>>> print(open('protein-v9.txt').read())   # compact mmCIF, C-alpha atoms
# COMPACT_ATOMS: atom_id res chain seq x y z
CA MET A 76 18.63 89.03 -1.97
CA LEU A 77 21.38 87.52 -4.04
CA SER A 78 24.09 89.92 -5.17
CA LEU A 79 24.38 89.02 -8.85
CA LYS A 80 27.86 89.17 -10.30
CA ARG A 81 27.05 89.04 -14.02
CA PHE A 82 24.63 87.31 -16.37
CA CYS A 83 26.57 84.47 -18.00
CA THR A 84 26.60 84.59 -21.80
CA CYS A 85 27.60 81.05 -22.70
CA CYS A 86 24.38 80.38 -24.61
CA PHE A 87 24.06 83.83 -26.18
CA VAL A 88 24.76 84.57 -29.82
CA SER A 89 25.27 87.89 -31.54
CA GLU A 90 22.19 89.36 -33.16
CA SER A 91 24.42 90.36 -36.08
CA GLY A 92 25.68 86.80 -36.38
CA SER A 93 22.81 85.08 -37.10
CA ARG A 94 0.26 88.02 -23.68
CA ALA A 95 -1.99 89.20 -20.46
CA ASP A 96 -1.16 85.86 -18.88
CA SER A 97 1.26 86.30 -16.03
CA HIS A 98 4.13 84.02 -15.35
CA PRO A 99 3.12 82.69 -11.90
CA HIS A 100 5.71 84.41 -9.70
CA GLU A 101 3.88 84.95 -6.43
CA ASP A 102 4.68 84.36 -2.78
CA LYS A 103 2.52 81.24 -3.02
CA ILE A 104 1.99 78.94 -5.95
CA HIS A 105 -1.45 79.48 -7.45
CA ASN A 106 -3.64 79.07 -10.56
CA GLN A 107 -3.47 75.34 -10.29
CA ASN A 108 -6.22 72.90 -11.24
CA ASP A 109 -7.55 70.38 -8.77
CA ILE A 110 -6.93 66.81 -9.79
CA THR A 111 -10.70 66.27 -10.02
CA ASN A 112 -10.86 68.69 -12.94
CA GLN A 113 -8.16 66.74 -14.74
CA ASN A 114 -10.21 63.58 -14.34
CA GLU A 115 -13.21 64.90 -16.27
CA GLY A 116 -14.02 62.65 -19.18
CA GLN A 117 -12.30 59.62 -17.69
CA SER A 118 -14.19 56.41 -17.15
CA LEU A 119 -15.70 55.59 -13.77
CA GLN A 120 -13.19 52.79 -13.37
CA GLU A 121 -10.27 55.17 -13.96
CA LYS A 122 -11.66 57.61 -11.40
CA LYS A 123 -11.53 54.89 -8.75
CA LEU A 124 -7.73 54.92 -8.79
CA SER A 125 -6.37 55.95 -5.44
CA SER A 126 -4.94 59.43 -4.99
CA LYS A 127 -1.62 57.79 -4.16
CA ASN A 128 -1.45 56.11 -7.55
CA ILE A 129 -2.47 59.32 -9.31
CA LYS A 130 0.23 61.29 -7.50
CA GLU A 131 2.88 58.83 -8.60
CA HIS A 132 2.08 59.65 -12.23
CA GLN A 133 2.86 63.38 -12.02
CA LYS A 134 6.08 63.60 -14.01
CA LEU A 135 8.47 66.14 -15.45
CA LYS A 136 11.12 65.54 -18.05
CA ILE A 137 14.09 67.87 -17.51
CA ILE A 138 16.37 68.03 -20.55
CA ILE A 139 19.78 69.68 -20.96
CA ILE A 140 19.47 71.70 -24.18
CA ASP A 141 22.72 73.71 -24.08
CA SER A 142 25.85 73.44 -21.97
CA GLN A 143 29.57 74.01 -22.13
CA GLU A 144 30.40 71.08 -19.88
CA LEU A 145 27.41 68.69 -19.62
CA GLU A 146 25.94 66.22 -22.08
CA VAL A 147 23.36 67.95 -24.26
CA GLY A 148 20.21 65.86 -24.53
CA LYS A 149 20.61 64.18 -21.16
CA GLU A 150 17.24 63.71 -19.46
CA TYR A 151 16.06 63.52 -15.88
CA ILE A 152 12.61 62.27 -14.93
CA MET A 153 11.05 63.80 -11.84
CA THR A 154 7.94 62.41 -10.18
CA SER A 155 5.99 63.76 -7.23
CA SER A 156 8.45 61.84 -5.03
CA GLY A 157 11.68 63.08 -6.58
CA ILE A 158 14.13 61.95 -9.29
CA LYS A 159 13.13 58.61 -10.76
CA GLY A 160 15.67 55.92 -9.84
CA LYS A 161 17.43 57.99 -7.18
CA THR A 162 17.66 56.37 -3.77
CA GLN A 163 20.28 58.46 -1.98
CA ARG A 164 17.71 60.77 -0.34
CA ILE A 165 14.25 60.47 1.10
CA ASN A 166 11.30 60.87 -1.25
CA ASP A 167 10.42 64.39 -0.17
CA GLY A 168 9.05 65.73 -3.45
CA CYS A 169 12.11 67.92 -3.99
CA ILE A 170 15.13 67.67 -6.25
CA TYR A 171 18.28 69.78 -6.18
CA GLY A 172 20.81 70.86 -8.77
CA GLY A 173 24.39 71.97 -8.13
CA CYS A 174 28.01 70.92 -8.40
CA ASP A 175 28.20 68.86 -5.19
CA PRO A 176 27.42 65.25 -6.18
CA ILE A 177 26.56 64.23 -2.62
CA ILE A 178 23.70 66.64 -1.98
CA ASN A 179 22.25 67.05 -5.49
CA ASP A 180 20.18 65.04 -7.96
CA ILE A 181 21.23 67.01 -11.06
CA ILE A 182 24.98 67.46 -11.04
CA LEU A 183 26.41 70.61 -12.62
CA SER A 184 30.07 70.91 -13.54
CA GLU A 185 32.46 72.67 -11.19
CA LYS A 186 34.03 74.19 -14.31
CA GLU A 187 30.92 76.27 -15.06
CA LYS A 188 31.12 79.94 -14.17
CA GLY A 189 28.95 80.94 -11.27
CA VAL A 190 27.85 77.44 -10.27
CA GLY A 191 26.72 76.85 -6.70
CA LYS A 192 27.19 73.76 -4.57
CA ARG A 193 23.41 73.58 -4.25
CA HIS A 194 22.25 75.92 -6.98
CA PHE A 195 18.48 75.39 -7.46
CA MET A 196 15.58 73.24 -6.36
CA ILE A 197 12.40 71.94 -7.97
CA GLN A 198 9.55 71.05 -5.65
CA TYR A 199 6.30 69.18 -6.14
CA ASP A 200 3.50 71.13 -4.47
CA LYS A 201 1.35 68.62 -2.62
CA LYS A 202 -1.51 71.08 -2.13
CA PHE A 203 -2.11 71.42 -5.88
CA LYS A 204 -1.86 68.18 -7.83
CA ASN A 205 0.27 67.90 -10.95
CA LYS A 206 2.22 71.12 -10.35
CA PHE A 207 5.90 71.73 -9.74
CA ALA A 208 7.81 74.92 -8.92
CA ILE A 209 11.44 76.04 -9.18
CA ARG A 210 13.53 78.53 -7.23
CA ASP A 211 17.11 79.66 -6.89
CA LEU A 212 18.97 78.77 -3.69
CA GLY A 213 21.15 81.88 -3.43
CA GLU A 214 24.46 80.47 -4.58
CA GLY A 215 26.46 81.35 -7.67
CA MET A 216 25.07 83.59 -10.40
CA GLY A 217 21.47 82.61 -9.91
CA THR A 218 18.75 80.58 -11.62
CA PHE A 219 16.80 82.31 -14.40
CA ILE A 220 13.51 81.43 -16.08
CA ARG A 221 12.95 82.47 -19.68
CA ILE A 222 9.93 84.74 -20.09
CA GLU A 223 7.73 83.27 -22.83
CA SER A 224 4.58 85.38 -22.40
CA HIS A 225 3.36 88.40 -20.43
CA LEU A 226 4.92 88.43 -16.97
CA HIS A 227 3.10 90.58 -14.41
CA LEU A 228 5.78 92.53 -12.61
CA LYS A 229 6.17 92.93 -8.86
CA SER A 230 8.49 95.12 -6.84
CA ASN A 231 11.89 93.48 -6.35
CA ASN A 232 11.61 91.31 -9.49
CA ILE A 233 14.99 91.05 -11.17
CA ILE A 234 14.87 90.94 -14.97
CA SER A 235 17.90 90.00 -17.06
CA PHE A 236 18.82 90.40 -20.71
CA GLY A 237 22.15 90.65 -22.53
CA ASP A 238 24.77 91.52 -19.93
CA SER A 239 22.32 93.47 -17.77
CA HIS A 240 20.22 92.93 -14.67
CA MET A 241 17.58 95.40 -13.57
CA ILE A 242 15.48 95.47 -10.44
CA VAL A 243 11.85 96.60 -10.55
CA SER A 244 10.10 98.92 -8.11
CA ILE A 245 6.44 99.85 -8.55
CA ASP A 246 4.98 102.99 -6.96
CA PHE A 247 1.17 103.12 -6.93
CA ASN A 248 1.07 106.22 -4.73
CA GLU A 249 1.89 108.57 -7.59
CA GLY A 250 -0.41 107.43 -10.38
CA SER A 251 1.38 104.13 -10.86
CA LYS A 252 5.02 104.68 -11.70
CA ILE A 253 7.55 101.99 -12.43
CA ASN A 254 11.19 102.44 -11.46
CA LEU A 255 13.95 100.40 -13.06
CA LYS A 256 17.43 100.31 -11.57
CA PHE A 257 20.28 98.48 -13.25
CA ILE A 258 22.37 96.47 -10.81
CA ASP A 259 24.77 95.03 -13.37
CA GLY A 260 25.87 95.60 -16.96
CA PRO A 261 26.73 98.71 -19.00
CA LYS A 262 24.07 100.83 -17.28
CA VAL A 263 24.89 99.73 -13.73
CA ASP A 264 23.50 102.12 -11.09
CA GLN A 265 21.41 104.00 -13.66
CA LYS A 266 17.74 104.54 -12.77
CA PHE A 267 14.75 105.06 -15.07
CA THR A 268 11.23 106.09 -14.08
CA PHE A 269 8.18 105.71 -16.31
CA THR A 270 4.45 106.31 -16.05
CA ILE A 271 1.51 104.61 -17.77
CA ASN A 272 1.59 107.31 -20.45
CA ASP A 273 5.10 106.21 -21.47
CA CYS A 274 3.95 102.75 -22.54
CA PRO A 275 5.08 100.79 -24.38
CA ILE A 276 8.53 101.09 -22.82
CA ASN A 277 10.81 99.49 -25.40
CA ILE A 278 14.23 98.14 -24.46
CA GLY A 279 16.77 97.24 -27.15
CA ARG A 280 19.30 98.51 -29.67
CA MET A 281 17.09 100.79 -31.78
CA ALA A 282 17.38 104.56 -31.51
CA ASP A 283 13.70 104.95 -30.58
CA CYS A 284 13.91 102.57 -27.60
CA SER A 285 13.08 104.08 -24.23
CA ILE A 286 16.18 102.36 -22.84
CA ARG A 287 18.77 101.86 -25.55
CA PHE A 288 21.80 99.54 -25.49
CA ASP A 289 24.78 99.07 -27.75
CA ASP A 290 25.01 95.33 -27.10
CA SER A 291 25.26 92.80 -29.92
CA SER A 292 23.71 90.06 -27.75
CA MET A 293 20.47 92.05 -27.60
CA SER A 294 17.82 92.28 -30.29
CA ARG A 295 16.75 95.53 -31.93
CA TYR A 296 13.56 95.49 -29.85
CA HIS A 297 14.54 93.06 -27.14
CA CYS A 298 11.59 93.39 -24.75
CA PHE A 299 8.99 95.92 -23.69
CA ILE A 300 7.06 96.93 -20.59
CA GLY A 301 3.36 97.78 -20.70
CA PHE A 302 0.42 98.39 -18.43
CA ASP A 303 -2.95 96.59 -18.52
CA ASN A 304 -4.43 96.90 -15.03
CA ALA A 305 -0.93 95.92 -13.87
CA TRP A 306 2.62 96.41 -15.08
CA TYR A 307 3.95 93.59 -17.24
CA ILE A 308 6.98 92.75 -19.35
CA GLN A 309 7.06 90.77 -22.59
CA ASP A 310 10.01 89.42 -24.52
CA GLY A 311 10.52 90.60 -28.11
CA ASP A 312 8.57 93.26 -29.95
CA GLY A 313 5.10 91.76 -29.54
CA TYR A 314 5.32 89.84 -32.82
CA LYS A 315 8.46 87.74 -32.49
CA PRO A 316 10.73 86.87 -29.55
CA SER A 317 14.22 88.21 -29.03
CA THR A 318 17.18 86.13 -30.11
CA ASN A 319 18.61 85.50 -26.66
CA GLY A 320 15.63 85.92 -24.41
CA THR A 321 14.47 87.94 -21.44
CA TRP A 322 14.81 86.21 -18.09
CA LEU A 323 13.30 86.32 -14.60
CA TYR A 324 15.56 85.64 -11.62
CA GLY A 325 13.94 82.85 -9.60
CA GLU A 326 14.38 84.35 -6.15
CA GLU A 327 10.95 83.04 -5.16
CA PHE A 328 9.18 79.88 -6.26
CA VAL A 329 8.04 80.09 -9.88
CA GLU A 330 5.44 77.60 -11.09
CA ILE A 331 6.79 75.41 -13.88
CA SER A 332 4.87 75.46 -17.15
CA ASP A 333 5.18 73.02 -20.01
CA GLN A 334 8.17 73.74 -22.30
CA MET A 335 9.67 76.16 -19.75
CA VAL A 336 13.36 76.96 -20.24
CA PHE A 337 15.57 77.84 -17.29
CA LYS A 338 19.26 78.51 -16.86
CA ALA A 339 21.56 77.55 -14.00
CA ALA A 340 25.21 78.65 -14.25
CA GLU A 341 26.17 77.93 -17.88
CA THR A 342 23.60 75.23 -18.60
CA LEU A 343 20.16 75.58 -20.20
CA PHE A 344 17.36 73.18 -19.33
CA LYS A 345 13.92 72.62 -20.86
CA VAL A 346 11.13 71.19 -18.74
CA ILE A 347 8.31 69.13 -20.26
CA TYR A 348 5.21 67.89 -18.47
CA MET A 349 4.85 64.23 -19.38
CA LYS A 350 1.41 62.97 -20.26
CA ILE A 351 -0.22 61.03 -17.46
CA GLN A 352 -1.10 57.44 -18.28
CA LEU A 353 -3.08 55.31 -15.91
CA ASP A 354 -1.29 52.03 -16.60
CA GLY A 355 1.70 52.95 -14.46
CA GLU A 356 4.08 54.45 -17.02
CA ALA A 357 4.31 57.78 -18.85
>>> encode(input="protein-v9.txt", output="structure tokens")
Amino acid sequence: MLSLKRFCTCCFVSESGSRADSHPHEDKIHNQNDITNQNEGQSLQEKKLSSKNIKEHQKLKIIIIDSQELEVGKEYIMTSSGIKGKTQRINDGCIYGGCDPIINDIILSEKEKGVGKRHFMIQYDKKFKNKFAIRDLGEGMGTFIRIESHLHLKSNNIISFGDSHMIVSIDFNEGSKINLKFIDGPKVDQKFTFTINDCPINIGRMADCSIRFDDSSMSRYHCFIGFDNAWYIQDGDGYKPSTNGTWLYGEEFVEISDQMVFKAAETLFKVIYMKIQLDGEA
């Protein structure tokens, strides 16, 4: 597992200055619709398109939305073969991001803190049509995915917020306990244990939070942990999101959803699934 140095704060702002769906973080990518389901309602003539032609129309738009060094608004188009217009590598359905221009498709700046030579990868999963997944490659300060809805927690998940990283351990042998150990930040090496009866487990700056921080980059109620047949975490207070987000470290492949935001080094990206058109262009 990657030894995280610190959670970079380039895109964070001071708070004073200004659901049961899981995020698919499993050993294998799942919950993906077969292409035949996507074709429902299409004309018979459209359905006769070859699977090869359909595959070529699976596209992602990857946009830089915040960065200290890179051009904000720059876009990359990824198809099931790779980055559109790139010819330096074989069409293997994978793209890479990092600071080495020879081995990557998305080039990060060497000036960014915690950047890796080959920092992250996005892969098209050929078993499940129209789905892509992202993972960190173990260099630098990691690749983090912003949690937008309920994320079902697993042991060894690393969750980040503010200047902190905590690792999750779930014990079902003693009535389902969850253990949280901070591996970085102001509470480094501190451990917290909770049971189902402690839910909701609020994390933030307020005095009544189960885990309280004095950190201006965190919201008053930054995130909370609950239990609904499984342990989960949700950003914000249940009504509105936190200012700077709660993040999952992408140690394993995480399925990409529309509008997903992820962070690599000091750059934020948004990923958009482009609508599939059958005339050859999206």
>>> residues_around(input="protein-v9.txt", residues="segment 291-304 of chain A", least_positions_apart="2", cutoff="6 Å", atoms="all atoms listed in the file", output="list in words")
Val88, Ser89, Glu90, Gly237, Cys274, Pro275, Ile276, Asn277, Ile278, Gly279, Arg280, Met281, Trp306, Tyr307, Ile308, Gln309, Asp310, Gly311, Asp312 and Ser317 of chain A
>>> atom_distance(input="protein-v9.txt", atom1="atom CA of Ser155 of chain A", atom2="atom CA of Arg193 of chain A")
20.2 Å
>>> residues_around(input="protein-v9.txt", residues="Gly260 of chain A", least_positions_apart="5", cutoff="7 Å", atoms="only C-alpha atoms", output="compact mmCIF listing (two decimals) with C-alpha atoms, in the coordinates of the input")
# COMPACT_ATOMS: atom_id res chain seq x y z
CA ASP A 238 24.77 91.52 -19.93
CA SER A 239 22.32 93.47 -17.77
CA HIS A 240 20.22 92.93 -14.67
>>> closest_residue(input="protein-v9.txt", among="A:Ile182, A:Leu226, A:Ile242, A:Val263", to="Ala305 of chain A", atoms="all atoms listed in the file")
A:Leu226
>>> closest_residue(input="protein-v9.txt", among="A:Phe219, A:Phe236, A:Tyr199, A:Tyr171", to="Asp290 of chain A", atoms="all atoms listed in the file")
A:Phe236
>>> residues_around(input="protein-v9.txt", residues="segment 141-146 of chain A", least_positions_apart="2", cutoff="10 Å", atoms="all atoms listed in the file", output="count of residues only")
21
>>> atom_distance(input="protein-v9.txt", atom1="atom CA of His225 of chain A", atom2="atom CA of Ile197 of chain A")
22.5 Å
>>> closest_atom_pairs(input="protein-v9.txt", of="segment 245-352 of chain A", to="segment 208-213 of chain A", cutoff="7 Å", atoms="all atoms listed in the file", output="tab-separated table")
residue	atom	partner	partner_atom	distance
A:Gly325	CA	A:Arg210	CA	4.9
A:Glu326	CA	A:Asp211	CA	5.5
A:Glu327	CA	A:Arg210	CA	5.6
A:Phe328	CA	A:Arg210	CA	4.7
A:Val329	CA	A:Ala208	CA	5.3
A:Glu330	CA	A:Ala208	CA	4.2
A:Ile331	CA	A:Ala208	CA	5.1
>>> closest_residue(input="protein-v9.txt", among="A:Lys262, A:Phe269, A:Asp246, A:Asn232", to="Arg287 of chain A", atoms="all atoms listed in the file")
A:Lys262
>>> atom_distance(input="protein-v9.txt", atom1="atom CA of Ser156 of chain A", atom2="atom CA of Gln334 of chain A")
21.0 Å
>>> residues_near_point(input="protein-v9.txt", point="(5.3, 102.5, -13.7)", cutoff="7 Å", atoms="only C-alpha atoms", output="list in words")
Ile245, Asp246, Ser251, Lys252, Ile253, Asn254, Thr268, Phe269, Thr270, Ile271 and Trp306 of chain A
>>> closest_residue(input="protein-v9.txt", among="A:Ala282, A:Gly172, A:Leu255, A:Asn272", to="Leu228 of chain A", atoms="only C-alpha atoms")
A:Leu255
>>> decode(input="protein-v9.txt", residues="segment 214-236 of chain A", atoms="N, CA and C atoms", output="mmCIF file, in the first residue's frame")
data_model
loop_
_atom_site.group_PDB
_atom_site.id
_atom_site.type_symbol
_atom_site.label_atom_id
_atom_site.label_comp_id
_atom_site.auth_asym_id
_atom_site.auth_seq_id
_atom_site.Cartn_x
_atom_site.Cartn_y
_atom_site.Cartn_z
ATOM 1 N N GLU A 214 2.691 5.978 -7.207
ATOM 2 C CA GLU A 214 3.753 6.978 -7.166
ATOM 3 C C GLU A 214 3.196 8.293 -6.639
ATOM 4 N N GLY A 215 4.066 9.093 -6.024
ATOM 5 C CA GLY A 215 3.655 10.408 -5.567
ATOM 6 C C GLY A 215 2.692 10.341 -4.392
ATOM 7 N N MET A 216 1.807 11.334 -4.315
ATOM 8 C CA MET A 216 0.892 11.457 -3.186
ATOM 9 C C MET A 216 -0.465 10.835 -3.465
ATOM 10 N N GLY A 217 -0.568 10.061 -4.518
ATOM 11 C CA GLY A 217 -1.789 9.310 -4.741
ATOM 12 C C GLY A 217 -2.786 9.983 -5.664
ATOM 13 N N THR A 218 -3.790 9.198 -6.051
ATOM 14 C CA THR A 218 -4.908 9.652 -6.874
ATOM 15 C C THR A 218 -6.172 9.473 -6.045
ATOM 16 N N PHE A 219 -6.989 10.530 -5.956
ATOM 17 C CA PHE A 219 -8.144 10.540 -5.070
ATOM 18 C C PHE A 219 -9.406 10.855 -5.850
ATOM 19 N N ILE A 220 -10.478 10.146 -5.519
ATOM 20 C CA ILE A 220 -11.772 10.320 -6.167
ATOM 21 C C ILE A 220 -12.717 10.970 -5.175
ATOM 22 N N ARG A 221 -13.364 12.053 -5.610
ATOM 23 C CA ARG A 221 -14.279 12.758 -4.713
ATOM 24 C C ARG A 221 -15.540 11.921 -4.494
ATOM 25 N N ILE A 222 -15.927 11.785 -3.231
ATOM 26 C CA ILE A 222 -17.115 11.016 -2.874
ATOM 27 C C ILE A 222 -18.329 11.914 -3.028
ATOM 28 N N GLU A 223 -19.223 11.545 -3.947
ATOM 29 C CA GLU A 223 -20.397 12.365 -4.238
ATOM 30 C C GLU A 223 -21.675 11.806 -3.618
ATOM 31 N N SER A 224 -21.687 10.521 -3.294
ATOM 32 C CA SER A 224 -22.861 9.894 -2.689
ATOM 33 C C SER A 224 -22.377 8.865 -1.678
ATOM 34 N N HIS A 225 -23.301 8.047 -1.150
ATOM 35 C CA HIS A 225 -22.911 7.022 -0.192
ATOM 36 C C HIS A 225 -21.808 6.141 -0.790
ATOM 37 N N LEU A 226 -20.741 5.963 -0.053
ATOM 38 C CA LEU A 226 -19.688 5.026 -0.429
ATOM 39 C C LEU A 226 -19.682 3.896 0.581
ATOM 40 N N HIS A 227 -19.966 2.676 0.148
ATOM 41 C CA HIS A 227 -19.873 1.519 1.040
ATOM 42 C C HIS A 227 -18.404 1.276 1.369
ATOM 43 N N LEU A 228 -18.104 1.207 2.632
ATOM 44 C CA LEU A 228 -16.723 1.102 3.081
ATOM 45 C C LEU A 228 -16.265 -0.348 3.138
ATOM 46 N N LYS A 229 -14.984 -0.541 2.868
ATOM 47 C CA LYS A 229 -14.336 -1.842 2.996
ATOM 48 C C LYS A 229 -13.086 -1.666 3.839
ATOM 49 N N SER A 230 -12.651 -2.727 4.467
ATOM 50 C CA SER A 230 -11.382 -2.681 5.181
ATOM 51 C C SER A 230 -10.265 -2.283 4.226
ATOM 52 N N ASN A 231 -9.380 -1.453 4.712
ATOM 53 C CA ASN A 231 -8.217 -0.924 3.999
ATOM 54 C C ASN A 231 -8.550 0.226 3.050
ATOM 55 N N ASN A 232 -9.826 0.651 2.975
ATOM 56 C CA ASN A 232 -10.102 1.919 2.289
ATOM 57 C C ASN A 232 -9.358 3.036 2.993
ATOM 58 N N ILE A 233 -8.821 3.963 2.211
ATOM 59 C CA ILE A 233 -8.215 5.174 2.765
ATOM 60 C C ILE A 233 -9.089 6.352 2.371
ATOM 61 N N ILE A 234 -9.552 7.084 3.371
ATOM 62 C CA ILE A 234 -10.420 8.239 3.186
ATOM 63 C C ILE A 234 -9.644 9.489 3.583
ATOM 64 N N SER A 235 -9.788 10.541 2.772
ATOM 65 C CA SER A 235 -9.029 11.771 3.005
ATOM 66 C C SER A 235 -9.950 12.974 3.064
ATOM 67 N N PHE A 236 -9.603 13.893 3.944
ATOM 68 C CA PHE A 236 -10.310 15.173 4.043
ATOM 69 C C PHE A 236 -9.381 16.134 4.771
#
